[in-house]
Amino acid sequence: MGARLSGPSGQGGGTIEQNADINVTPFVDIMLVLLIIFMVAAPLATVSIKLDLPPPPLDVVEPKEPVYVTVQTSGALFIADRPTTMETLAADVCAAQAVTNCRDERVFVRAQPDVTYDRFMTVMNALQANGFHQVGLLNEDIE
């Protein structure tokens, strides 16, 4: 806030009154300086760098869909929707993958909530004994 120390010319006595007007001159000066700084700095921020990126690969390989082995409460085994047995489990997993080296592919094992632990581990041990070492376990939410 400012104060007026003397009245208009020609009046005597001079009472001191407060002036409630805002002095915006310093504010405008600061804004103009900031505007100039941003105008000078903006072109410097848009520096382009030449990159030599490699070309995209021509033979994009789609990831193979893994095989899902389902263990049911009744003891039945399924590969996808086809039933299988413990004796033919390894051959059926290889047939479902349709690749030359099927033992290097992913196999997921899922079980119903009421399957006993020993039944589940029997399937896991049979897969491992037949050379399937990339075995994942699936847990499905029970609602």
# chains A, B, ... in the order shown; residues from 1 in each chain; ligands from 1

$ residues_around --residues "Thr84 (chain A)" --least-positions-apart "4" --cutoff "12 Å" --atoms "only C-alpha atoms" --output "list of chain:residue names"
A:Val69, A:Thr70, A:Val71, A:Gln72, A:Gly75, A:Ala76, A:Leu77, A:Phe78, A:Ile79, A:Ala80, A:Thr88, A:Leu89, A:Ala90, A:Ala91, A:Asp92, A:Val93, A:Ala95, A:Ala96, A:Val123

$ write_last_selection --atoms "C-alpha atoms" --output "PDB file, in the first residue's frame"
ATOM      1  CA  VAL A  69      -2.953 -79.481 -18.483  1.00  0.00           C
ATOM      2  CA  THR A  70      -6.046 -79.541 -16.265  1.00  0.00           C
ATOM      3  CA  VAL A  71      -6.363 -81.848 -13.269  1.00  0.00           C
ATOM      4  CA  GLN A  72      -9.947 -82.395 -12.172  1.00  0.00           C
ATOM      5  CA  GLY A  75      -8.745 -87.537 -11.205  1.00  0.00           C
ATOM      6  CA  ALA A  76      -9.326 -86.992 -14.899  1.00  0.00           C
ATOM      7  CA  LEU A  77      -6.636 -85.179 -16.900  1.00  0.00           C
ATOM      8  CA  PHE A  78      -7.300 -82.891 -19.822  1.00  0.00           C
ATOM      9  CA  ILE A  79      -4.989 -81.206 -22.297  1.00  0.00           C
ATOM     10  CA  ALA A  80      -6.975 -78.233 -23.544  1.00  0.00           C
ATOM     11  CA  THR A  88      -0.023 -90.900 -22.482  1.00  0.00           C
ATOM     12  CA  LEU A  89       0.497 -87.480 -20.867  1.00  0.00           C
ATOM     13  CA  ALA A  90       3.926 -86.761 -22.387  1.00  0.00           C
ATOM     14  CA  ALA A  91       2.915 -87.874 -25.875  1.00  0.00           C
ATOM     15  CA  ASP A  92      -0.313 -85.867 -25.739  1.00  0.00           C
ATOM     16  CA  VAL A  93       1.512 -82.734 -24.582  1.00  0.00           C
ATOM     17  CA  ALA A  95       1.052 -83.667 -29.917  1.00  0.00           C
ATOM     18  CA  ALA A  96      -0.738 -80.553 -28.660  1.00  0.00           C
ATOM     19  CA  VAL A 123       1.144 -84.911 -12.664  1.00  0.00           C
TER      20      VAL A 123
END

$ residues_around --residues "region 126-133 of chain A" --least-positions-apart "4" --cutoff "7 Å" --atoms "only C-alpha atoms" --output "list in words"
Ala90, Arg103, Asp104 and Thr122 of chain A

$ select_by_dssp --residues "region 8-132 of chain A" --states "strand (DSSP E)" --output "list in words"
Glu17, Gln18, Asn19, Val67, Tyr68, Val69, Thr70, Val71, Leu77, Phe78, Ile79, Arg82, Pro83, Thr84, Val107, Phe108, Val109, Arg110 and Ala111 of chain A

$ write_last_selection --atoms "N, CA, C and O atoms" --output "short mmCIF file (atom, residue, chain, number, x, y, z; two decimals), in the first residue's frame"
data_model
loop_
_atom_site.label_atom_id
_atom_site.label_comp_id
_atom_site.auth_asym_id
_atom_site.auth_seq_id
_atom_site.Cartn_x
_atom_site.Cartn_y
_atom_site.Cartn_z
N GLU A 17 -3.35 10.51 3.60
CA GLU A 17 -4.39 9.52 3.30
C GLU A 17 -3.73 8.28 2.70
O GLU A 17 -2.69 8.36 2.07
N GLN A 18 -4.37 7.16 2.89
CA GLN A 18 -3.85 5.92 2.32
C GLN A 18 -4.32 5.77 0.89
O GLN A 18 -5.45 6.13 0.54
N ASN A 19 -3.43 5.21 0.06
CA ASN A 19 -3.76 4.96 -1.32
C ASN A 19 -3.90 3.44 -1.47
O ASN A 19 -2.96 2.69 -1.26
N VAL A 67 0.61 -75.04 -23.67
CA VAL A 67 -0.30 -76.15 -23.46
C VAL A 67 -0.79 -76.09 -22.02
O VAL A 67 0.00 -75.89 -21.09
N TYR A 68 -2.09 -76.27 -21.84
CA TYR A 68 -2.69 -76.25 -20.51
C TYR A 68 -3.11 -77.67 -20.14
O TYR A 68 -3.92 -78.29 -20.83
N VAL A 69 -2.56 -78.17 -19.02
CA VAL A 69 -2.95 -79.48 -18.48
C VAL A 69 -3.86 -79.21 -17.29
O VAL A 69 -3.48 -78.51 -16.35
N THR A 70 -5.07 -79.76 -17.33
CA THR A 70 -6.05 -79.54 -16.26
C THR A 70 -6.23 -80.83 -15.48
O THR A 70 -6.45 -81.89 -16.07
N VAL A 71 -6.14 -80.71 -14.17
CA VAL A 71 -6.36 -81.85 -13.27
C VAL A 71 -7.70 -81.60 -12.58
O VAL A 71 -7.88 -80.60 -11.90
N LEU A 77 -7.59 -86.15 -16.36
CA LEU A 77 -6.64 -85.18 -16.90
C LEU A 77 -7.12 -84.72 -18.26
O LEU A 77 -7.63 -85.52 -19.06
N PHE A 78 -6.93 -83.44 -18.53
CA PHE A 78 -7.30 -82.89 -19.82
C PHE A 78 -6.16 -82.02 -20.33
O PHE A 78 -5.54 -81.28 -19.56
N ILE A 79 -5.90 -82.12 -21.62
CA ILE A 79 -4.99 -81.21 -22.30
C ILE A 79 -5.87 -80.39 -23.22
O ILE A 79 -6.44 -80.92 -24.17
N ARG A 82 -9.19 -82.01 -24.57
CA ARG A 82 -9.10 -83.44 -24.87
C ARG A 82 -8.68 -84.22 -23.62
O ARG A 82 -7.71 -83.84 -22.95
N PRO A 83 -9.35 -85.31 -23.33
CA PRO A 83 -8.95 -86.11 -22.17
C PRO A 83 -7.65 -86.87 -22.45
O PRO A 83 -7.33 -87.20 -23.59
N THR A 84 -6.90 -87.13 -21.39
CA THR A 84 -5.65 -87.89 -21.49
C THR A 84 -5.48 -88.70 -20.21
O THR A 84 -6.25 -88.56 -19.26
N VAL A 107 4.54 -75.41 -20.54
CA VAL A 107 3.37 -76.20 -20.18
C VAL A 107 2.82 -75.62 -18.88
O VAL A 107 3.56 -75.41 -17.92
N PHE A 108 1.51 -75.35 -18.86
CA PHE A 108 0.88 -74.83 -17.65
C PHE A 108 -0.02 -75.91 -17.06
O PHE A 108 -0.77 -76.56 -17.78
N VAL A 109 0.07 -76.07 -15.76
CA VAL A 109 -0.75 -77.05 -15.05
C VAL A 109 -1.70 -76.29 -14.14
O VAL A 109 -1.28 -75.43 -13.36
N ARG A 110 -2.97 -76.62 -14.26
CA ARG A 110 -3.97 -76.02 -13.38
C ARG A 110 -4.83 -77.14 -12.81
O ARG A 110 -4.99 -78.19 -13.43
N ALA A 111 -5.36 -76.90 -11.64
CA ALA A 111 -6.15 -77.93 -10.97
C ALA A 111 -7.38 -77.29 -10.36
O ALA A 111 -7.38 -76.11 -10.01
#

$ atom_distance --atom1 "CA of Ser48 (chain A)" --atom2 "CA of Leu35 (chain A)"
23.7 Å

$ decode --residues "region 10-40 of chain A" --atoms "N, CA, C and O atoms" --output "PDB file, in the first residue's frame"
ATOM      1  N   GLY A  10      -1.891  23.579  -4.381  1.00  0.00           N
ATOM      2  CA  GLY A  10      -2.795  24.676  -4.080  1.00  0.00           C
ATOM      3  C   GLY A  10      -3.553  24.466  -2.799  1.00  0.00           C
ATOM      4  O   GLY A  10      -4.177  25.383  -2.308  1.00  0.00           O
ATOM      5  N   GLN A  11      -3.529  23.315  -2.228  1.00  0.00           N
ATOM      6  CA  GLN A  11      -4.215  23.115  -0.961  1.00  0.00           C
ATOM      7  C   GLN A  11      -3.183  23.046   0.133  1.00  0.00           C
ATOM      8  O   GLN A  11      -2.148  22.435   0.002  1.00  0.00           O
ATOM      9  N   GLY A  12      -3.452  23.653   1.144  1.00  0.00           N
ATOM     10  CA  GLY A  12      -2.528  23.644   2.254  1.00  0.00           C
ATOM     11  C   GLY A  12      -2.931  22.611   3.270  1.00  0.00           C
ATOM     12  O   GLY A  12      -3.941  21.961   3.185  1.00  0.00           O
ATOM     13  N   GLY A  13      -2.166  22.458   4.247  1.00  0.00           N
ATOM     14  CA  GLY A  13      -2.539  21.594   5.351  1.00  0.00           C
ATOM     15  C   GLY A  13      -2.055  20.178   5.151  1.00  0.00           C
ATOM     16  O   GLY A  13      -1.498  19.573   5.973  1.00  0.00           O
ATOM     17  N   GLY A  14      -2.136  19.527   4.218  1.00  0.00           N
ATOM     18  CA  GLY A  14      -1.635  18.192   3.902  1.00  0.00           C
ATOM     19  C   GLY A  14      -2.001  17.104   4.880  1.00  0.00           C
ATOM     20  O   GLY A  14      -1.246  16.822   5.806  1.00  0.00           O
ATOM     21  N   THR A  15      -3.139  16.551   4.759  1.00  0.00           N
ATOM     22  CA  THR A  15      -3.466  15.367   5.560  1.00  0.00           C
ATOM     23  C   THR A  15      -2.951  14.122   4.838  1.00  0.00           C
ATOM     24  O   THR A  15      -2.910  14.048   3.613  1.00  0.00           O
ATOM     25  N   ILE A  16      -2.543  13.177   5.581  1.00  0.00           N
ATOM     26  CA  ILE A  16      -1.999  11.945   5.009  1.00  0.00           C
ATOM     27  C   ILE A  16      -3.150  10.949   4.834  1.00  0.00           C
ATOM     28  O   ILE A  16      -3.818  10.585   5.799  1.00  0.00           O
ATOM     29  N   GLU A  17      -3.349  10.510   3.598  1.00  0.00           N
ATOM     30  CA  GLU A  17      -4.390   9.525   3.303  1.00  0.00           C
ATOM     31  C   GLU A  17      -3.730   8.279   2.704  1.00  0.00           C
ATOM     32  O   GLU A  17      -2.695   8.364   2.067  1.00  0.00           O
ATOM     33  N   GLN A  18      -4.370   7.159   2.894  1.00  0.00           N
ATOM     34  CA  GLN A  18      -3.847   5.925   2.320  1.00  0.00           C
ATOM     35  C   GLN A  18      -4.322   5.770   0.885  1.00  0.00           C
ATOM     36  O   GLN A  18      -5.445   6.132   0.545  1.00  0.00           O
ATOM     37  N   ASN A  19      -3.428   5.213   0.064  1.00  0.00           N
ATOM     38  CA  ASN A  19      -3.764   4.957  -1.318  1.00  0.00           C
ATOM     39  C   ASN A  19      -3.903   3.445  -1.472  1.00  0.00           C
ATOM     40  O   ASN A  19      -2.957   2.694  -1.257  1.00  0.00           O
ATOM     41  N   ALA A  20      -5.084   2.955  -1.855  1.00  0.00           N
ATOM     42  CA  ALA A  20      -5.329   1.516  -1.944  1.00  0.00           C
ATOM     43  C   ALA A  20      -5.113   0.988  -3.345  1.00  0.00           C
ATOM     44  O   ALA A  20      -5.440  -0.165  -3.632  1.00  0.00           O
ATOM     45  N   ASP A  21      -4.560   1.729  -4.259  1.00  0.00           N
ATOM     46  CA  ASP A  21      -4.306   1.257  -5.616  1.00  0.00           C
ATOM     47  C   ASP A  21      -3.065   0.354  -5.631  1.00  0.00           C
ATOM     48  O   ASP A  21      -2.071   0.634  -4.962  1.00  0.00           O
ATOM     49  N   ILE A  22      -3.155  -0.704  -6.435  1.00  0.00           N
ATOM     50  CA  ILE A  22      -2.035  -1.632  -6.547  1.00  0.00           C
ATOM     51  C   ILE A  22      -1.066  -1.096  -7.587  1.00  0.00           C
ATOM     52  O   ILE A  22      -1.466  -0.706  -8.681  1.00  0.00           O
ATOM     53  N   ASN A  23       0.201  -1.141  -7.249  1.00  0.00           N
ATOM     54  CA  ASN A  23       1.228  -0.711  -8.181  1.00  0.00           C
ATOM     55  C   ASN A  23       1.622  -1.934  -9.015  1.00  0.00           C
ATOM     56  O   ASN A  23       2.295  -2.837  -8.543  1.00  0.00           O
ATOM     57  N   VAL A  24       1.184  -1.989 -10.280  1.00  0.00           N
ATOM     58  CA  VAL A  24       1.411  -3.154 -11.130  1.00  0.00           C
ATOM     59  C   VAL A  24       2.652  -3.016 -12.002  1.00  0.00           C
ATOM     60  O   VAL A  24       2.990  -3.934 -12.738  1.00  0.00           O
ATOM     61  N   THR A  25       3.338  -1.939 -11.913  1.00  0.00           N
ATOM     62  CA  THR A  25       4.520  -1.742 -12.754  1.00  0.00           C
ATOM     63  C   THR A  25       5.593  -2.793 -12.498  1.00  0.00           C
ATOM     64  O   THR A  25       6.121  -3.368 -13.455  1.00  0.00           O
ATOM     65  N   PRO A  26       5.955  -3.110 -11.256  1.00  0.00           N
ATOM     66  CA  PRO A  26       6.957  -4.167 -11.053  1.00  0.00           C
ATOM     67  C   PRO A  26       6.476  -5.537 -11.555  1.00  0.00           C
ATOM     68  O   PRO A  26       7.251  -6.314 -12.109  1.00  0.00           O
ATOM     69  N   PHE A  27       5.183  -5.793 -11.409  1.00  0.00           N
ATOM     70  CA  PHE A  27       4.628  -7.056 -11.881  1.00  0.00           C
ATOM     71  C   PHE A  27       4.740  -7.180 -13.404  1.00  0.00           C
ATOM     72  O   PHE A  27       5.137  -8.212 -13.927  1.00  0.00           O
ATOM     73  N   VAL A  28       4.417  -6.109 -14.113  1.00  0.00           N
ATOM     74  CA  VAL A  28       4.514  -6.104 -15.573  1.00  0.00           C
ATOM     75  C   VAL A  28       5.965  -6.237 -16.002  1.00  0.00           C
ATOM     76  O   VAL A  28       6.279  -6.961 -16.959  1.00  0.00           O
ATOM     77  N   ASP A  29       6.875  -5.589 -15.303  1.00  0.00           N
ATOM     78  CA  ASP A  29       8.291  -5.704 -15.639  1.00  0.00           C
ATOM     79  C   ASP A  29       8.784  -7.153 -15.499  1.00  0.00           C
ATOM     80  O   ASP A  29       9.499  -7.661 -16.359  1.00  0.00           O
ATOM     81  N   ILE A  30       8.402  -7.814 -14.429  1.00  0.00           N
ATOM     82  CA  ILE A  30       8.818  -9.206 -14.212  1.00  0.00           C
ATOM     83  C   ILE A  30       8.218 -10.115 -15.282  1.00  0.00           C
ATOM     84  O   ILE A  30       8.889 -11.001 -15.812  1.00  0.00           O
ATOM     85  N   MET A  31       6.950  -9.897 -15.619  1.00  0.00           N
ATOM     86  CA  MET A  31       6.308 -10.725 -16.647  1.00  0.00           C
ATOM     87  C   MET A  31       6.986 -10.544 -18.004  1.00  0.00           C
ATOM     88  O   MET A  31       7.167 -11.513 -18.750  1.00  0.00           O
ATOM     89  N   LEU A  32       7.355  -9.336 -18.348  1.00  0.00           N
ATOM     90  CA  LEU A  32       8.034  -9.102 -19.628  1.00  0.00           C
ATOM     91  C   LEU A  32       9.410  -9.767 -19.649  1.00  0.00           C
ATOM     92  O   LEU A  32       9.814 -10.335 -20.667  1.00  0.00           O
ATOM     93  N   VAL A  33      10.130  -9.718 -18.560  1.00  0.00           N
ATOM     94  CA  VAL A  33      11.433 -10.370 -18.497  1.00  0.00           C
ATOM     95  C   VAL A  33      11.275 -11.888 -18.626  1.00  0.00           C
ATOM     96  O   VAL A  33      12.019 -12.547 -19.359  1.00  0.00           O
ATOM     97  N   LEU A  34      10.290 -12.472 -17.938  1.00  0.00           N
ATOM     98  CA  LEU A  34      10.046 -13.912 -18.051  1.00  0.00           C
ATOM     99  C   LEU A  34       9.630 -14.300 -19.464  1.00  0.00           C
ATOM    100  O   LEU A  34      10.046 -15.335 -19.981  1.00  0.00           O
ATOM    101  N   LEU A  35       8.822 -13.461 -20.099  1.00  0.00           N
ATOM    102  CA  LEU A  35       8.408 -13.733 -21.463  1.00  0.00           C
ATOM    103  C   LEU A  35       9.614 -13.761 -22.404  1.00  0.00           C
ATOM    104  O   LEU A  35       9.740 -14.661 -23.245  1.00  0.00           O
ATOM    105  N   ILE A  36      10.507 -12.842 -22.252  1.00  0.00           N
ATOM    106  CA  ILE A  36      11.710 -12.799 -23.087  1.00  0.00           C
ATOM    107  C   ILE A  36      12.590 -14.018 -22.819  1.00  0.00           C
ATOM    108  O   ILE A  36      13.116 -14.644 -23.744  1.00  0.00           O
ATOM    109  N   ILE A  37      12.717 -14.420 -21.559  1.00  0.00           N
ATOM    110  CA  ILE A  37      13.530 -15.587 -21.221  1.00  0.00           C
ATOM    111  C   ILE A  37      12.938 -16.840 -21.864  1.00  0.00           C
ATOM    112  O   ILE A  37      13.655 -17.652 -22.459  1.00  0.00           O
ATOM    113  N   PHE A  38      11.621 -17.021 -21.781  1.00  0.00           N
ATOM    114  CA  PHE A  38      10.993 -18.197 -22.374  1.00  0.00           C
ATOM    115  C   PHE A  38      11.065 -18.178 -23.895  1.00  0.00           C
ATOM    116  O   PHE A  38      11.214 -19.213 -24.529  1.00  0.00           O
ATOM    117  N   MET A  39      10.970 -17.003 -24.498  1.00  0.00           N
ATOM    118  CA  MET A  39      11.064 -16.916 -25.958  1.00  0.00           C
ATOM    119  C   MET A  39      12.466 -17.276 -26.436  1.00  0.00           C
ATOM    120  O   MET A  39      12.643 -17.850 -27.503  1.00  0.00           O
ATOM    121  N   VAL A  40      13.469 -16.937 -25.661  1.00  0.00           N
ATOM    122  CA  VAL A  40      14.842 -17.266 -26.047  1.00  0.00           C
ATOM    123  C   VAL A  40      15.151 -18.735 -25.756  1.00  0.00           C
ATOM    124  O   VAL A  40      15.834 -19.401 -26.528  1.00  0.00           O
TER     125      VAL A  40
END
